[in-house]
file protein.txt (compact mmCIF, C-alpha atoms and all ligand atoms)
# COMPACT_ATOMS: atom_id res chain seq x y z
CA MET A 1 -31.81 4.25 -9.84
CA SER A 2 -29.37 7.11 -9.93
CA ILE A 3 -26.26 6.86 -7.76
CA THR A 4 -24.65 10.00 -6.39
CA ILE A 5 -21.27 9.85 -4.71
CA ASP A 6 -20.91 12.54 -2.06
CA GLU A 7 -17.45 13.81 -2.98
CA ASN A 8 -17.10 16.18 -0.04
CA ARG A 9 -18.07 13.57 2.51
CA LEU A 10 -15.73 10.96 0.99
CA LEU A 11 -12.75 13.33 0.76
CA SER A 12 -13.24 14.72 4.24
CA GLU A 13 -13.39 11.19 5.61
CA ILE A 14 -10.11 10.33 3.86
CA GLU A 15 -8.57 13.39 5.56
CA ALA A 16 -10.11 12.45 8.90
CA LEU A 17 -8.77 8.90 8.75
CA ALA A 18 -5.31 10.23 7.83
CA SER A 19 -5.30 12.21 11.08
CA PHE A 20 -5.04 8.91 12.99
CA SER A 21 -1.31 8.61 12.44
CA ASP A 22 1.95 8.19 14.30
CA ALA A 23 3.80 10.32 11.74
CA GLU A 24 3.74 14.03 11.01
CA PRO A 25 1.32 14.96 8.19
CA PRO A 26 1.22 14.41 5.29
CA ALA A 27 2.89 11.12 6.24
CA VAL A 28 0.70 8.40 7.70
CA THR A 29 1.95 5.63 9.97
CA ARG A 30 -0.70 3.28 11.30
CA ILE A 31 0.57 -0.07 12.50
CA VAL A 32 -1.93 -2.76 13.34
CA PHE A 33 -3.25 -2.83 16.93
CA THR A 34 -1.32 0.23 18.07
CA PRO A 35 -3.38 2.77 20.06
CA THR A 36 -3.54 4.88 16.88
CA ASP A 37 -4.88 1.99 14.83
CA LEU A 38 -7.47 1.22 17.50
CA LYS A 39 -8.65 4.83 17.50
CA ALA A 40 -8.93 4.77 13.70
CA ARG A 41 -10.91 1.52 13.88
CA ALA A 42 -13.31 3.00 16.45
CA TRP A 43 -13.82 6.08 14.28
CA LEU A 44 -14.47 3.93 11.21
CA LYS A 45 -16.85 1.63 13.07
CA ALA A 46 -18.86 4.69 14.12
CA ARG A 47 -19.03 5.85 10.47
CA CYS A 48 -20.30 2.41 9.40
CA GLU A 49 -22.95 2.35 12.12
CA GLU A 50 -23.97 5.90 11.28
CA ALA A 51 -24.56 4.61 7.73
CA GLY A 52 -26.99 2.02 9.10
CA LEU A 53 -24.64 -0.96 8.77
CA THR A 54 -24.30 -3.73 11.33
CA VAL A 55 -20.69 -4.09 12.38
CA CYS A 56 -19.01 -7.23 13.66
CA GLN A 57 -15.38 -8.13 14.17
CA ASP A 58 -13.64 -11.50 14.19
CA ALA A 59 -10.90 -12.76 16.48
CA VAL A 60 -8.12 -11.11 14.49
CA GLY A 61 -9.96 -7.82 14.07
CA ASN A 62 -11.23 -8.21 10.50
CA THR A 63 -14.27 -5.95 10.47
CA PHE A 64 -17.51 -6.64 8.60
CA ALA A 65 -20.09 -3.88 8.10
CA ARG A 66 -23.25 -5.42 6.73
CA TRP A 67 -26.32 -4.26 4.86
CA ASN A 68 -28.77 -7.13 4.86
CA GLY A 69 -30.51 -7.75 1.60
CA SER A 70 -34.03 -9.11 1.19
CA ASN A 71 -32.47 -12.58 1.43
CA PRO A 72 -30.04 -12.32 4.36
CA SER A 73 -28.90 -15.93 3.99
CA ALA A 74 -27.88 -15.47 0.33
CA PRO A 75 -24.14 -15.36 -0.44
CA VAL A 76 -22.61 -11.98 0.34
CA VAL A 77 -21.44 -9.37 -2.15
CA GLY A 78 -18.38 -7.85 -0.52
CA ALA A 79 -16.15 -4.84 -1.00
CA GLY A 80 -13.24 -3.65 1.07
CA SER A 81 -9.54 -3.23 1.68
CA HIS A 82 -7.25 -2.28 4.57
CA ILE A 83 -6.51 0.80 6.67
CA ASP A 84 -3.13 -0.12 8.16
CA ALA A 85 -0.22 1.89 6.78
CA ILE A 86 3.51 1.18 6.81
CA PRO A 87 5.78 3.74 8.50
CA ASN A 88 5.87 7.02 6.61
CA ALA A 89 3.22 6.04 4.08
CA GLY A 90 0.44 8.02 2.42
CA LYS A 91 -3.28 8.35 3.00
CA TYR A 92 -4.77 6.47 0.03
CA ASP A 93 -3.35 2.92 -0.04
CA GLY A 94 -6.15 0.66 1.19
CA VAL A 95 -8.15 3.61 2.50
CA VAL A 96 -9.68 4.38 -0.93
CA GLY A 97 -11.12 0.86 -1.02
CA VAL A 98 -12.47 1.09 2.52
CA LEU A 99 -13.93 4.61 2.55
CA GLY A 100 -14.77 4.41 -1.18
CA GLY A 101 -16.56 1.15 -0.40
CA LEU A 102 -18.43 2.74 2.50
CA GLU A 103 -19.45 5.68 0.32
CA ALA A 104 -20.54 3.29 -2.45
CA ILE A 105 -22.81 1.46 0.00
CA ARG A 106 -24.19 4.71 1.42
CA SER A 107 -24.90 6.02 -2.07
CA LEU A 108 -26.81 2.83 -2.92
CA ARG A 109 -28.89 3.12 0.24
CA GLN A 110 -29.67 6.73 -0.55
CA SER A 111 -30.61 5.91 -4.14
CA GLY A 112 -33.45 3.69 -2.90
CA PHE A 113 -31.81 0.50 -4.14
CA HIS A 114 -32.81 -2.71 -2.36
CA PRO A 115 -30.34 -5.59 -2.66
CA THR A 116 -31.36 -9.23 -2.60
CA HIS A 117 -27.93 -10.42 -1.46
CA PRO A 118 -26.36 -8.86 1.63
CA ILE A 119 -23.72 -6.25 0.82
CA GLU A 120 -20.76 -6.13 3.18
CA LEU A 121 -17.83 -3.80 3.64
CA LEU A 122 -14.78 -5.73 4.85
CA ILE A 123 -11.82 -4.03 6.53
CA PHE A 124 -8.89 -6.45 6.63
CA THR A 125 -6.48 -6.62 9.55
CA ALA A 126 -2.79 -6.07 8.78
CA GLU A 127 -2.46 -6.09 5.02
CA GLU A 128 1.01 -4.67 5.60
CA PRO A 129 3.68 -6.96 7.06
CA THR A 130 5.13 -4.27 9.36
CA ARG A 131 4.26 -5.74 12.72
CA PHE A 132 4.21 -9.51 12.29
CA GLY A 133 6.47 -9.91 9.25
CA ILE A 134 3.72 -11.40 7.08
CA GLY A 135 1.47 -9.44 4.72
CA CYS A 136 -2.29 -9.95 4.45
CA LEU A 137 -2.61 -11.55 7.87
CA GLY A 138 -6.39 -11.03 8.04
CA SER A 139 -7.18 -12.32 4.57
CA ARG A 140 -4.80 -15.28 4.94
CA LEU A 141 -6.76 -16.35 8.01
CA LEU A 142 -10.16 -15.64 6.41
CA SER A 143 -9.23 -17.79 3.43
CA GLY A 144 -7.52 -20.55 5.41
CA THR A 145 -4.24 -19.83 3.58
CA LEU A 146 -2.63 -19.41 7.01
CA SER A 147 -3.69 -21.82 9.73
CA ALA A 148 -4.53 -20.63 13.22
CA ASP A 149 -1.62 -22.70 14.55
CA ALA A 150 0.85 -21.06 12.16
CA ALA A 151 -0.55 -17.61 12.99
CA ARG A 152 -0.10 -18.22 16.71
CA LYS A 153 3.64 -18.71 16.17
CA LEU A 154 4.08 -15.23 14.69
CA LYS A 155 5.60 -12.58 16.94
CA ASP A 156 6.11 -8.85 16.66
CA ASN A 157 9.47 -7.12 17.17
CA ASP A 158 8.91 -7.01 20.93
CA GLY A 159 8.35 -10.75 21.03
CA ALA A 160 4.59 -10.47 21.62
CA THR A 161 2.44 -13.14 19.96
CA ILE A 162 -0.65 -12.41 17.89
CA ASP A 163 -2.85 -13.86 20.61
CA GLU A 164 -1.33 -11.52 23.20
CA VAL A 165 -1.54 -8.47 20.98
CA ARG A 166 -5.08 -9.01 19.67
CA ARG A 167 -6.51 -9.83 23.10
CA GLU A 168 -4.87 -6.73 24.54
CA ALA A 169 -6.51 -4.78 21.69
CA GLY A 170 -9.90 -6.20 22.62
CA PHE A 171 -10.35 -8.94 20.02
CA GLY A 172 -11.35 -12.16 21.77
CA GLY A 173 -12.44 -15.52 20.45
CA GLU A 174 -10.29 -18.14 18.77
CA LEU A 175 -8.27 -17.74 15.57
CA GLU A 176 -9.81 -21.02 14.33
CA GLU A 177 -13.12 -19.17 14.00
CA VAL A 178 -11.74 -16.59 11.55
CA LYS A 179 -11.85 -18.77 8.41
CA LEU A 180 -14.96 -18.06 6.38
CA PRO A 181 -17.08 -20.97 5.18
CA ASN A 182 -16.85 -21.85 1.49
CA GLY A 183 -19.60 -20.17 -0.47
CA TYR A 184 -19.79 -17.25 1.96
CA TYR A 185 -19.22 -14.80 -0.90
CA LYS A 186 -20.99 -14.42 -4.18
CA ALA A 187 -18.37 -11.85 -5.14
CA PHE A 188 -15.68 -9.70 -3.56
CA VAL A 189 -14.45 -6.46 -5.15
CA GLU A 190 -11.48 -4.39 -3.96
CA LEU A 191 -11.11 -0.78 -5.06
CA HIS A 192 -7.48 0.35 -4.78
CA ILE A 193 -5.00 2.93 -6.06
CA GLU A 194 -2.89 1.45 -8.84
CA GLN A 195 0.46 1.98 -7.05
CA GLY A 196 2.04 2.13 -10.50
CA PRO A 197 2.13 4.69 -13.34
CA LEU A 198 0.24 3.00 -16.18
CA LEU A 199 -3.24 4.55 -15.85
CA GLU A 200 -1.84 8.04 -15.36
CA ARG A 201 0.53 7.66 -18.31
CA GLN A 202 -2.30 6.63 -20.59
CA THR A 203 -4.74 9.13 -19.02
CA ILE A 204 -7.25 6.36 -18.40
CA PRO A 205 -9.35 6.76 -15.26
CA LEU A 206 -9.95 3.11 -14.39
CA GLY A 207 -8.20 -0.25 -14.56
CA ILE A 208 -10.03 -3.54 -14.15
CA VAL A 209 -7.70 -6.16 -12.74
CA THR A 210 -7.84 -9.52 -14.47
CA LYS A 211 -4.92 -11.22 -12.72
CA ILE A 212 -3.05 -10.70 -9.46
CA ALA A 213 0.62 -11.67 -9.54
CA ALA A 214 2.16 -13.38 -6.55
CA PRO A 215 5.69 -13.70 -5.25
CA ALA A 216 7.86 -16.61 -4.26
CA SER A 217 10.75 -15.65 -2.05
CA LEU A 218 13.97 -17.47 -1.37
CA ARG A 219 16.73 -16.91 1.12
CA VAL A 220 20.12 -18.04 -0.15
CA LEU A 221 23.17 -18.51 2.03
CA ILE A 222 26.53 -18.93 0.31
CA GLU A 223 29.57 -19.96 2.31
CA GLY A 224 33.00 -19.93 0.74
CA ALA A 225 36.39 -19.29 2.24
CA GLY A 226 37.67 -15.96 3.44
CA GLY A 227 41.23 -14.80 3.57
CA HIS A 228 43.63 -11.96 2.95
CA ALA A 229 42.81 -10.08 -0.24
CA GLY A 230 46.49 -9.93 -1.07
CA ALA A 231 47.83 -13.22 0.14
CA VAL A 232 45.40 -15.75 -1.34
CA LEU A 233 46.07 -16.29 -5.03
CA MET A 234 43.19 -16.53 -7.50
CA PRO A 235 43.30 -20.31 -8.16
CA ASP A 236 42.99 -20.96 -4.43
CA ARG A 237 39.93 -18.86 -3.83
CA HIS A 238 36.35 -19.80 -2.96
CA ASP A 239 34.93 -16.30 -3.02
CA ALA A 240 31.32 -16.32 -1.83
CA LEU A 241 30.50 -13.01 -3.50
CA CYS A 242 31.70 -14.19 -6.93
CA ALA A 243 29.38 -17.17 -6.56
CA ALA A 244 26.59 -14.78 -5.57
CA ALA A 245 27.30 -12.63 -8.63
CA GLU A 246 26.84 -15.65 -10.91
CA LEU A 247 23.63 -16.57 -9.16
CA ILE A 248 22.22 -13.03 -9.40
CA LEU A 249 22.69 -13.10 -13.16
CA VAL A 250 20.95 -16.48 -13.31
CA VAL A 251 17.99 -14.90 -11.48
CA GLU A 252 17.85 -12.05 -14.00
CA ASN A 253 18.21 -14.35 -16.98
CA ALA A 254 15.68 -16.91 -15.76
CA ALA A 255 13.02 -14.23 -15.44
CA SER A 256 13.88 -12.51 -18.74
CA THR A 257 13.68 -15.66 -20.82
CA THR A 258 10.27 -17.09 -19.90
CA GLY A 259 8.80 -15.31 -22.92
CA ALA A 260 6.26 -13.52 -20.71
CA SER A 261 6.59 -9.92 -19.57
CA ASP A 262 4.67 -10.81 -16.40
CA THR A 263 7.67 -12.71 -15.04
CA VAL A 264 9.93 -10.56 -12.87
CA ALA A 265 12.68 -11.46 -10.43
CA SER A 266 14.91 -9.44 -8.14
CA VAL A 267 17.69 -9.90 -5.66
CA GLY A 268 16.81 -7.22 -3.14
CA ILE A 269 19.28 -8.03 -0.39
CA CYS A 270 22.95 -8.93 -0.69
CA GLU A 271 24.80 -9.03 2.61
CA VAL A 272 28.53 -9.62 2.36
CA PHE A 273 30.69 -10.88 5.24
CA PRO A 274 33.02 -9.76 6.58
CA GLY A 275 32.62 -6.70 4.37
CA ALA A 276 36.17 -5.42 4.56
CA VAL A 277 38.14 -3.92 1.69
CA ASN A 278 41.10 -6.24 2.13
CA SER A 279 39.21 -9.44 2.88
CA ILE A 280 37.87 -12.10 0.52
CA PRO A 281 34.08 -12.43 1.06
CA SER A 282 33.49 -15.64 2.98
CA ARG A 283 29.75 -15.53 3.32
CA VAL A 284 26.89 -13.91 1.39
CA ARG A 285 23.20 -13.84 2.12
CA LEU A 286 20.82 -13.07 -0.74
CA SER A 287 17.09 -12.57 -0.83
CA VAL A 288 15.39 -13.49 -4.09
CA ASP A 289 11.86 -12.45 -5.08
CA VAL A 290 10.22 -14.04 -8.14
CA ARG A 291 6.77 -12.93 -9.28
CA ASP A 292 4.39 -13.93 -11.99
CA THR A 293 0.72 -14.19 -12.84
CA ASP A 294 1.20 -17.85 -13.78
CA LEU A 295 2.06 -20.31 -11.03
CA GLN A 296 3.80 -22.91 -13.20
CA ARG A 297 5.92 -20.37 -15.00
CA ARG A 298 6.95 -18.71 -11.75
CA ASP A 299 7.79 -22.00 -10.09
CA GLY A 300 9.81 -22.91 -13.19
CA VAL A 301 11.98 -19.85 -12.56
CA VAL A 302 12.36 -20.85 -8.92
CA ARG A 303 13.50 -24.34 -9.98
CA THR A 304 16.04 -22.86 -12.42
CA ILE A 305 17.46 -20.74 -9.59
CA GLU A 306 17.60 -23.75 -7.26
CA ALA A 307 19.39 -25.83 -9.91
CA ALA A 308 21.89 -23.00 -10.45
CA CYS A 309 22.62 -23.01 -6.71
CA ASP A 310 23.77 -26.65 -7.07
CA SER A 311 25.80 -26.14 -10.21
CA ILE A 312 27.52 -22.95 -9.01
CA SER A 313 28.26 -24.68 -5.70
CA ASP A 314 29.94 -27.60 -7.54
CA LYS A 315 31.87 -25.38 -9.88
CA ARG A 316 33.18 -22.98 -7.26
CA GLN A 317 33.42 -25.37 -4.36
CA VAL A 318 31.34 -23.19 -2.08
CA SER A 319 28.31 -24.23 -0.06
CA ILE A 320 25.00 -22.78 -1.29
CA GLN A 321 21.81 -23.35 0.65
CA SER A 322 18.52 -22.00 -0.60
CA GLU A 323 15.36 -21.92 1.42
CA LEU A 324 11.92 -21.22 -0.05
CA LEU A 325 10.35 -18.83 2.46
CA ASN A 326 6.97 -18.53 0.82
CA ALA A 327 5.30 -19.17 -2.50
CA ASP A 328 1.81 -17.72 -2.71
CA ALA A 329 -0.23 -18.71 -5.76
CA PRO A 330 -1.21 -15.96 -8.23
CA ALA A 331 -4.93 -15.46 -8.79
CA ASP A 332 -7.20 -14.99 -11.78
CA CYS A 333 -10.06 -12.57 -11.28
CA ALA A 334 -13.62 -13.83 -11.82
CA PRO A 335 -14.96 -13.20 -15.35
CA ALA A 336 -18.46 -12.40 -14.02
CA ILE A 337 -17.14 -9.62 -11.77
CA ILE A 338 -14.83 -8.30 -14.49
CA GLU A 339 -17.90 -8.11 -16.74
CA ALA A 340 -19.98 -6.37 -14.06
CA LEU A 341 -17.20 -3.80 -13.55
CA SER A 342 -16.83 -3.29 -17.32
CA GLN A 343 -20.57 -2.75 -17.77
CA SER A 344 -20.61 -0.26 -14.89
CA CYS A 345 -17.80 1.70 -16.57
CA ARG A 346 -19.66 1.66 -19.89
CA LYS A 347 -22.89 2.76 -18.26
CA HIS A 348 -21.14 5.88 -16.96
CA GLU A 349 -19.13 6.31 -20.18
CA LEU A 350 -15.85 5.85 -18.37
CA ASN A 351 -12.82 4.58 -20.22
CA PHE A 352 -11.01 1.58 -18.70
CA ILE A 353 -8.29 -0.95 -19.48
CA PRO A 354 -7.68 -4.49 -18.25
CA MET A 355 -4.67 -4.65 -15.94
CA VAL A 356 -2.47 -7.01 -13.97
CA SER A 357 -1.99 -6.24 -10.30
CA ARG A 358 1.72 -6.60 -9.77
CA ALA A 359 1.64 -5.75 -6.11
CA TYR A 360 -0.33 -8.17 -4.06
CA HIS A 361 -3.44 -7.45 -2.09
CA ASP A 362 -5.90 -9.10 0.27
CA SER A 363 -7.90 -10.03 -2.84
CA LEU A 364 -5.14 -12.50 -3.77
CA PHE A 365 -6.02 -14.56 -0.70
CA MET A 366 -9.76 -13.94 -0.90
CA ALA A 367 -9.56 -15.49 -4.38
CA ARG A 368 -9.04 -18.86 -2.65
CA ILE A 369 -12.57 -18.77 -1.22
CA ALA A 370 -14.45 -16.25 -3.35
CA PRO A 371 -14.82 -14.95 -6.88
CA VAL A 372 -12.82 -11.68 -6.76
CA ALA A 373 -11.84 -8.75 -8.93
CA MET A 374 -10.15 -5.41 -8.34
CA LEU A 375 -10.72 -1.90 -9.63
CA PHE A 376 -7.72 0.43 -9.89
CA ILE A 377 -7.70 4.22 -9.99
CA PRO A 378 -4.62 6.27 -10.98
CA CYS A 379 -2.22 7.65 -8.40
CA ARG A 380 0.16 10.50 -9.12
CA ASN A 381 3.45 9.32 -10.64
CA GLY A 382 2.55 5.83 -9.51
CA TYR A 383 3.82 6.75 -6.04
CA SER A 384 2.68 4.68 -3.10
CA HIS A 385 3.98 3.81 0.37
CA ARG A 386 5.34 7.34 0.68
CA PRO A 387 3.90 10.57 2.13
CA ASP A 388 3.32 12.20 -1.27
CA GLU A 389 1.07 9.36 -2.44
CA TYR A 390 -1.90 11.09 -4.08
CA ALA A 391 -5.10 10.20 -5.87
CA ALA A 392 -7.20 12.97 -7.44
CA PRO A 393 -10.72 13.58 -6.06
CA GLU A 394 -12.35 12.93 -9.45
CA ASP A 395 -10.58 9.59 -9.74
CA ILE A 396 -11.62 8.54 -6.23
CA VAL A 397 -15.22 9.52 -6.97
CA ARG A 398 -15.22 7.60 -10.27
CA GLY A 399 -13.85 4.55 -8.48
CA ALA A 400 -16.54 4.72 -5.79
CA LEU A 401 -19.25 5.23 -8.42
CA VAL A 402 -18.22 2.24 -10.51
CA LEU A 403 -17.89 0.18 -7.34
CA ALA A 404 -21.41 1.17 -6.25
CA GLU A 405 -22.87 0.33 -9.67
CA THR A 406 -21.06 -3.03 -9.61
CA LEU A 407 -22.22 -3.92 -6.09
CA ALA A 408 -25.77 -3.13 -7.18
CA ALA A 409 -25.51 -5.33 -10.27
CA LEU A 410 -24.02 -8.25 -8.32
CA SER A 411 -26.42 -8.07 -5.38
CA LYS A 412 -29.71 -7.80 -7.31
ZN ZN B 1 -2.95 -1.64 -0.13
call {"tool": "encode", "arguments": {"input": "protein.txt", "output": "structure tokens", "more": "lines below"}}
Ligand SMILES: [Zn+2]
result
Amino acid sequence: MSITIDENRLLSEIEALASFSDAEPPAVTRIVFTPTDLKARAWLKARCEEAGLTVCQDAVGNTFARWNGSNPSAPVVGAGSHIDAIPNAGKYDGVVGVLGGLEAIRSLRQSGFHPTHPIELLIFTAEEPTRFGIGCLGSRLLSGTLSADAARKLKDNDGATIDEVRREAGFGGELEEVKLPNGYYKAFVELHIEQGPLLERQTIPLGIVTKIAAPASLRVLIEGAGGHAGAVLMPDRHDALCAAAELILVVENAASTTGASDTVASVGICEVFPGAVNSIPSRVRLSVDVRDTDLQRRDGVVRTIEAACDSISDKRQVSIQSELLNADAPADCAPAIIEALSQSCRKHELNFIPMVSRAYHDSLFMARIAPVAMLFIPCRNGYSHRPDEYAAPEDIVRGALVLAETLAALSK
């Protein structure tokens, strides 16, 4: 069997999909269930059907394009990613995994390969949190990480619920039906641009992801006492921003001292009230993001931060409340899929390195119900989520080729 990726077809499809956008080119904006997104979905569905795949969609719009193997009831070998794009994004994030996955399947069909297991392309709904404030909506529901009840409570910025928005977009049925049964997948592989600079820096064409890091996020509210910046003397102060400053350094230190370079933590938001030059800060709101590939280590950092909230509160006589907003578990990729990807790279004499995915992806949630792995290709300067995001044609083709070879090996 010799697999040929049709570079021109794949690249022209990436351009075609980028034309479904609410931003001026080269920027791409494609928010879930907007008219633009629905047009892109219809176009993509037509491409899948043209390729001979059977397309079905679930209640939240996750789309499955299936190639039945000789044993249609065998566990599925899946590939896929997302096509939604944050405002002013680029044309490769997610799309490379979807259209690269479609091209991989087409190339296998054209090579004369006959799978035993069904091979399915999966296009996830709303990987990006833009509309409903939560990332990976489709894969959270597929994996049961998010319950249907919890999903129904989510609203977009106009106050519309998921049920209203999806039904309006033409996706009926109940959210309860979205969760996939255990054992549905034999394997799931997501091809994706790296969104970081490591492959490009080392001039290595492929990265095989062995672990996917996951964030815990906290919202911290500090309330001290305000007052005139001249009149209140230092011993009498309960400055909320000084307490915040101590806590921010605890966050930095807690992450830097775990002994593992995979631990990272950031305070990305610091809102100061009242925010006047001659006023002592009375209230500060912080957002804290802690990420790691190891759940226990990450949660240890979170506990250190929570303990510091108590001790700083005592010491400075300010109130500090911290709320854990979410704490997704990191995932390990499946050794069997990592091996299949590695062998596919070797077969085509392509250099690769093992990598950690530091951004999170739908595969993080799919890992709850399926053996998963990811394949990264370089992107220029590591840029992503911006209009000048770029992946070179030869890298996209290599990614699709290795994906095709891997799907063949896993579905035999
Ligand atoms: Zn993505």
call {"tool": "residues_near_ligand", "arguments": {"input": "protein.txt", "ligand": "ligand ZN 1 (chain B)", "cutoff": "12 Å", "atoms": "only C-alpha atoms and all ligand atoms", "output": "mmCIF file with C-alpha atoms, in the coordinates of the input"}}
result
data_model
loop_
_atom_site.group_PDB
_atom_site.id
_atom_site.type_symbol
_atom_site.label_atom_id
_atom_site.label_comp_id
_atom_site.auth_asym_id
_atom_site.auth_seq_id
_atom_site.Cartn_x
_atom_site.Cartn_y
_atom_site.Cartn_z
ATOM 1 C CA GLY A 80 -13.240 -3.650 1.070
ATOM 2 C CA SER A 81 -9.540 -3.230 1.680
ATOM 3 C CA HIS A 82 -7.250 -2.280 4.570
ATOM 4 C CA ILE A 83 -6.510 0.800 6.670
ATOM 5 C CA ASP A 84 -3.130 -0.120 8.160
ATOM 6 C CA ALA A 85 -0.220 1.890 6.780
ATOM 7 C CA ILE A 86 3.510 1.180 6.810
ATOM 8 C CA ALA A 89 3.220 6.040 4.080
ATOM 9 C CA GLY A 90 0.440 8.020 2.420
ATOM 10 C CA LYS A 91 -3.280 8.350 3.000
ATOM 11 C CA TYR A 92 -4.770 6.470 0.030
ATOM 12 C CA ASP A 93 -3.350 2.920 -0.040
ATOM 13 C CA GLY A 94 -6.150 0.660 1.190
ATOM 14 C CA VAL A 95 -8.150 3.610 2.500
ATOM 15 C CA VAL A 96 -9.680 4.380 -0.930
ATOM 16 C CA GLY A 97 -11.120 0.860 -1.020
ATOM 17 C CA VAL A 98 -12.470 1.090 2.520
ATOM 18 C CA ILE A 123 -11.820 -4.030 6.530
ATOM 19 C CA PHE A 124 -8.890 -6.450 6.630
ATOM 20 C CA THR A 125 -6.480 -6.620 9.550
ATOM 21 C CA ALA A 126 -2.790 -6.070 8.780
ATOM 22 C CA GLU A 127 -2.460 -6.090 5.020
ATOM 23 C CA GLU A 128 1.010 -4.670 5.600
ATOM 24 C CA PRO A 129 3.680 -6.960 7.060
ATOM 25 C CA GLY A 135 1.470 -9.440 4.720
ATOM 26 C CA CYS A 136 -2.290 -9.950 4.450
ATOM 27 C CA GLU A 190 -11.480 -4.390 -3.960
ATOM 28 C CA LEU A 191 -11.110 -0.780 -5.060
ATOM 29 C CA HIS A 192 -7.480 0.350 -4.780
ATOM 30 C CA ILE A 193 -5.000 2.930 -6.060
ATOM 31 C CA GLU A 194 -2.890 1.450 -8.840
ATOM 32 C CA GLN A 195 0.460 1.980 -7.050
ATOM 33 C CA SER A 357 -1.990 -6.240 -10.300
ATOM 34 C CA ARG A 358 1.720 -6.600 -9.770
ATOM 35 C CA ALA A 359 1.640 -5.750 -6.110
ATOM 36 C CA TYR A 360 -0.330 -8.170 -4.060
ATOM 37 C CA HIS A 361 -3.440 -7.450 -2.090
ATOM 38 C CA ASP A 362 -5.900 -9.100 0.270
ATOM 39 C CA SER A 363 -7.900 -10.030 -2.840
ATOM 40 C CA LEU A 364 -5.140 -12.500 -3.770
ATOM 41 C CA MET A 374 -10.150 -5.410 -8.340
ATOM 42 C CA PHE A 376 -7.720 0.430 -9.890
ATOM 43 C CA SER A 384 2.680 4.680 -3.100
ATOM 44 C CA HIS A 385 3.980 3.810 0.370
ATOM 45 C CA GLU A 389 1.070 9.360 -2.440
#
call {"tool": "closest_residue", "arguments": {"input": "protein.txt", "among": "A:Cys48, A:Leu407, A:Ile396, A:Leu108", "to": "Gln343 in chain A", "atoms": "only C-alpha atoms"}}
result
A:Leu407
call {"tool": "residues_around", "arguments": {"input": "protein.txt", "residues": "Ser411 in chain A", "least_positions_apart": "6", "cutoff": "8 Å", "atoms": "only C-alpha atoms", "output": "list in words"}}
result
Val76, Val77, Pro115, Thr116, His117, Pro118 and Ile119 of chain A
call {"tool": "residues_around", "arguments": {"input": "protein.txt", "residues": "Ala336 in chain A", "least_positions_apart": "5", "cutoff": "12 Å", "atoms": "only C-alpha atoms", "output": "number ranges by chain"}}
result
A: 186-189, 210, 341-343, 371-373, 406, 409-410
call {"tool": "residues_near_point", "arguments": {"input": "protein.txt", "point": "(-11.1, -7.0, 9.1)", "cutoff": "7 Å", "atoms": "all atoms listed in the file", "output": "ChimeraX atom specification"}}
result
/A:57,61-64,122-125,138
call {"tool": "write_last_selection", "arguments": {"input": "protein.txt", "atoms": "C-alpha atoms", "output": "PDB file, in the frame of the given file"}}
result
ATOM      1  CA  GLN A  57     -15.380  -8.130  14.170  1.00  0.00           C
ATOM      2  CA  GLY A  61      -9.960  -7.820  14.070  1.00  0.00           C
ATOM      3  CA  ASN A  62     -11.230  -8.210  10.500  1.00  0.00           C
ATOM      4  CA  THR A  63     -14.270  -5.950  10.470  1.00  0.00           C
ATOM      5  CA  PHE A  64     -17.510  -6.640   8.600  1.00  0.00           C
ATOM      6  CA  LEU A 122     -14.780  -5.730   4.850  1.00  0.00           C
ATOM      7  CA  ILE A 123     -11.820  -4.030   6.530  1.00  0.00           C
ATOM      8  CA  PHE A 124      -8.890  -6.450   6.630  1.00  0.00           C
ATOM      9  CA  THR A 125      -6.480  -6.620   9.550  1.00  0.00           C
ATOM     10  CA  GLY A 138      -6.390 -11.030   8.040  1.00  0.00           C
TER      11      GLY A 138
END
call {"tool": "closest_residue", "arguments": {"input": "protein.txt", "among": "A:Ala46, A:Ala307, A:Leu403, A:Ala40", "to": "Gln321 in chain A", "atoms": "only C-alpha atoms"}}
result
A:Ala307
call {"tool": "closest_residue", "arguments": {"input": "protein.txt", "among": "A:Leu141, A:Ala254, A:Ala150, A:Ala51", "to": "Val178 in chain A", "atoms": "only C-alpha atoms"}}
result
A:Leu141
call {"tool": "closest_atom_pairs", "arguments": {"input": "protein.txt", "of": "range 241-320 of chain A", "to": "range 219-231 of chain A", "cutoff": "9 Å", "atoms": "only C-alpha atoms", "output": "tab-separated table"}}
result
residue	atom	partner	partner_atom	distance
A:Leu241	CA	A:Ile222	CA	8.1
A:Ala243	CA	A:Ile222	CA	7.6
A:Ala244	CA	A:Ile222	CA	7.2
A:Phe273	CA	A:Gly226	CA	8.8
A:Pro274	CA	A:Gly226	CA	8.4
A:Val277	CA	A:Ala229	CA	8.0
A:Asn278	CA	A:Ala229	CA	4.8
A:Ser279	CA	A:Ala229	CA	4.8
A:Ile280	CA	A:Gly226	CA	4.8
A:Pro281	CA	A:Gly226	CA	5.6
A:Ser282	CA	A:Gly226	CA	4.2
A:Arg283	CA	A:Glu223	CA	4.5
A:Val284	CA	A:Ile222	CA	5.1
A:Arg285	CA	A:Leu221	CA	4.7
A:Leu286	CA	A:Val220	CA	5.1
A:Ser287	CA	A:Arg219	CA	4.8
A:Val288	CA	A:Arg219	CA	6.4
A:Cys309	CA	A:Val220	CA	8.6
A:Ser313	CA	A:Ile222	CA	8.5
A:Arg316	CA	A:Gly224	CA	8.6
A:Gln317	CA	A:Gly224	CA	7.5
A:Val318	CA	A:Gly224	CA	4.6
A:Ser319	CA	A:Glu223	CA	5.0
A:Ile320	CA	A:Ile222	CA	4.4
call {"tool": "residues_around", "arguments": {"input": "protein.txt", "residues": "Asp262 in chain A", "least_positions_apart": "3", "cutoff": "9 Å", "atoms": "all atoms listed in the file", "output": "ChimeraX atom specification"}}
result
/A:213,259,291-294,356,358
